[in-house]
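S.K.: Pasting a structure here, questions to come.
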Amino acid sequence: MSAQRLLLAGGFATCVVLMAMALWLQHVEGLEPCPLCVLQRGAVIVLGVIMLAGALHDPGATGRRIYGALITVAGIAGAGVAGRHVWLQSLPPGEAPECGPGLEYMLGAFPLTDVIGMVLRGSGECAEVHWTFLALSIPEWTLIAFIAFALFGLWLLATRAGAATHRRR
């Protein structure tokens with residue numbers, strides 16, 4: 001198995017672990033995801049699907065660049081949502097937006113474009129920190145993961161032959 005394929009499989013495994021942790025926190029610890037958390041989960045799932053496809057496909061140079069671009073875009077999008085979430089959590093209590101309606105209600109009551117705008121604005125529930133590990137909140141951990149995924153995608157774009165970056169002379 002090529003190093004590129006192993007790295008893509010490792011990225012997929014990382015996405016599986018991130019989703020398992022999110023589901024454990026929700027169903028075992030009782031932490032309900034806020035709308036921004038749901039969007040971050042979606043980005044993790046998209047990244048996982050892209051990386052699984054890349055690992056199974058084991059593409060050549062053109063395919064590697066396509067997967068690299070997709071991973072970079074998804075990583076940046078996820079980092080944008082996670083960054084917004086981290087920013088909301090950093091606001092002083094009086095400056096955080098008020099809690100809004102739940103995501104299920106919004107999806108049933110408003111057009112999708114309006115829902116996306118409302119979710120990205122965030123709400124008071126998104127500003128609350130319910131769980132930390134090593135002094136970092138869930139959005140801070142996902143922000144780190146998304147940045148790492150985006151850098152991995154850029155690495156795939158920049159390399160010439162998968163994991164091999166040096167030519168023999």
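A note on labels: chains of the structure tokens are A, B, ... as shown, every chain counts residues from 1, and ligands are counted from 1 in their shown order.
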List as a list in words the protein and nucleic acid residues near Val81 (chain A), meaning an atom at most 9 Å away when only C-alpha atoms are counted, but skip any in the same chain fewer than 6 places from it.

M.R.: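 With the cut-off at 9 Å, the set is Leu36, Cys37, Leu39, Gln40, Leu120, Pro139 and Leu143 of chain A.
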
S.K.: Counting only C-alpha atoms, which residues in region 73-96 of chain A sit no more than 10 Å from region 148-157 of chain A? For each one, give the nearest pair of atoms and the distance in Å, sorted by chain then residue number, as a tab-separated table.

M.R.:
residue	atom	partner	partner_atom	distance
A:Val73	CA	A:Ala150	CA	7.1
A:Ala74	CA	A:Ala150	CA	7.4
A:Gly75	CA	A:Ala150	CA	4.4
A:Ile76	CA	A:Ala150	CA	5.9
A:Ala77	CA	A:Ala150	CA	9.2
A:Gly78	CA	A:Ala150	CA	9.2
A:Ala79	CA	A:Ala150	CA	8.5

S.K.: May I have the residues within 9 Å of Arg5 (chain A) as a short mmCIF file (atom, residue, chain, number, x, y, z; two decimals) with all heavy atoms, in the first residue's frame, using only C-alpha atoms and disregarding those fewer than 4 positions away in the same chain?

M.R.:
data_model
loop_
_atom_site.label_atom_id
_atom_site.label_comp_id
_atom_site.auth_asym_id
_atom_site.auth_seq_id
_atom_site.Cartn_x
_atom_site.Cartn_y
_atom_site.Cartn_z
N MET A 1 0.85 -1.18 0.00
CA MET A 1 0.00 0.00 0.00
C MET A 1 0.90 1.24 0.00
O MET A 1 1.85 1.33 0.75
CB MET A 1 -0.90 -0.04 1.24
CG MET A 1 -1.89 1.09 1.27
SD MET A 1 -3.01 1.06 2.70
CE MET A 1 -4.36 0.14 2.04
N ALA A 9 -6.19 6.90 4.30
CA ALA A 9 -6.91 5.98 5.19
C ALA A 9 -6.81 6.47 6.64
O ALA A 9 -7.79 6.40 7.40
CB ALA A 9 -6.35 4.57 5.05
N GLY A 10 -5.64 6.98 7.02
CA GLY A 10 -5.49 7.55 8.35
C GLY A 10 -6.37 8.77 8.56
O GLY A 10 -6.93 8.97 9.64
N GLY A 54 -10.47 8.57 -1.68
CA GLY A 54 -9.08 8.66 -2.10
C GLY A 54 -8.27 7.45 -1.71
O GLY A 54 -7.43 6.97 -2.49
N ALA A 55 -8.51 6.92 -0.52
CA ALA A 55 -7.77 5.74 -0.07
C ALA A 55 -8.14 4.52 -0.90
O ALA A 55 -7.27 3.71 -1.25
CB ALA A 55 -8.05 5.47 1.41
N LEU A 56 -9.41 4.38 -1.23
CA LEU A 56 -9.84 3.24 -2.04
C LEU A 56 -9.41 3.39 -3.49
O LEU A 56 -9.06 2.42 -4.14
CB LEU A 56 -11.37 3.08 -1.96
CG LEU A 56 -11.93 2.72 -0.59
CD1 LEU A 56 -13.45 2.74 -0.61
CD2 LEU A 56 -11.41 1.36 -0.13
N HIS A 57 -9.42 4.60 -3.98
CA HIS A 57 -9.10 4.89 -5.38
C HIS A 57 -7.60 4.83 -5.64
O HIS A 57 -7.16 4.40 -6.69
CB HIS A 57 -9.67 6.26 -5.74
CG HIS A 57 -9.42 6.70 -7.13
ND1 HIS A 57 -9.22 8.01 -7.44
CD2 HIS A 57 -9.32 6.03 -8.31
CE1 HIS A 57 -9.01 8.13 -8.74
NE2 HIS A 57 -9.07 6.95 -9.29
N ASP A 58 -6.81 5.30 -4.66
CA ASP A 58 -5.35 5.40 -4.80
C ASP A 58 -5.01 6.07 -6.13
O ASP A 58 -4.43 5.46 -7.03
CB ASP A 58 -4.68 4.03 -4.68
CG ASP A 58 -3.19 4.15 -4.43
OD1 ASP A 58 -2.73 5.23 -4.00
OD2 ASP A 58 -2.47 3.17 -4.68
N PRO A 59 -5.34 7.36 -6.25
CA PRO A 59 -5.23 8.05 -7.54
C PRO A 59 -3.80 8.35 -7.96
O PRO A 59 -2.87 8.35 -7.15
CB PRO A 59 -5.97 9.36 -7.27
CG PRO A 59 -5.72 9.62 -5.82
CD PRO A 59 -5.75 8.25 -5.17
N GLY A 162 2.64 11.44 -4.65
CA GLY A 162 2.15 10.94 -3.37
C GLY A 162 3.03 11.39 -2.24
O GLY A 162 3.26 12.57 -2.06
#

S.K.: In Å, how far is it from CA of Glu29 (chain A) to CA of Phe146 (chain A)?

M.R.: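 Computing it gives 23.7 Å between the two atoms.
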
S.K.: Select, from A:Gly83, A:Pro111, A:Leu8, A:Arg160, the residue with the minimum atom-to-atom distance to Leu47 (chain A), counting only C-alpha atoms.

M.R.: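 Among the listed residues, the smallest separation from Leu47 (chain A) belongs to A:Leu8.
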
S.K.: Can you list, as a PDB file with C-alpha atoms, in the first residue's frame, every protein, DNA or RNA residue that comes within 9 Å of region 19-25 of chain A when you count only C-alpha atoms, leaving out same-chain residues fewer than 4 positions away?

M.R.:
ATOM      1  CA  THR A  14      -9.406  10.319  12.155  1.00  0.00           C
ATOM      2  CA  CYS A  15     -12.799  11.454  10.849  1.00  0.00           C
ATOM      3  CA  GLU A  29     -22.683  12.471  28.121  1.00  0.00           C
ATOM      4  CA  GLY A  30     -25.960  14.142  27.115  1.00  0.00           C
ATOM      5  CA  LEU A  31     -24.428  17.134  25.304  1.00  0.00           C
ATOM      6  CA  GLU A  32     -26.846  18.186  22.572  1.00  0.00           C
ATOM      7  CA  PRO A  33     -25.080  19.719  19.554  1.00  0.00           C
ATOM      8  CA  ARG A  41     -20.099  17.338  11.986  1.00  0.00           C
ATOM      9  CA  VAL A  44     -16.092  16.024   9.205  1.00  0.00           C
ATOM     10  CA  ILE A  45     -18.360  13.578   7.359  1.00  0.00           C
ATOM     11  CA  TRP A 131     -16.872  20.249  27.781  1.00  0.00           C
ATOM     12  CA  ILE A 138     -14.875  20.972  21.327  1.00  0.00           C
TER      13      ILE A 138
END

S.K.: Provide the CA of Gln4 (chain A) to CA of Leu18 (chain A) distance in Å, to one decimal place.

M.R.: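 Going from CA of Gln4 (chain A) over to CA of Leu18 (chain A) covers 21.0 Å.
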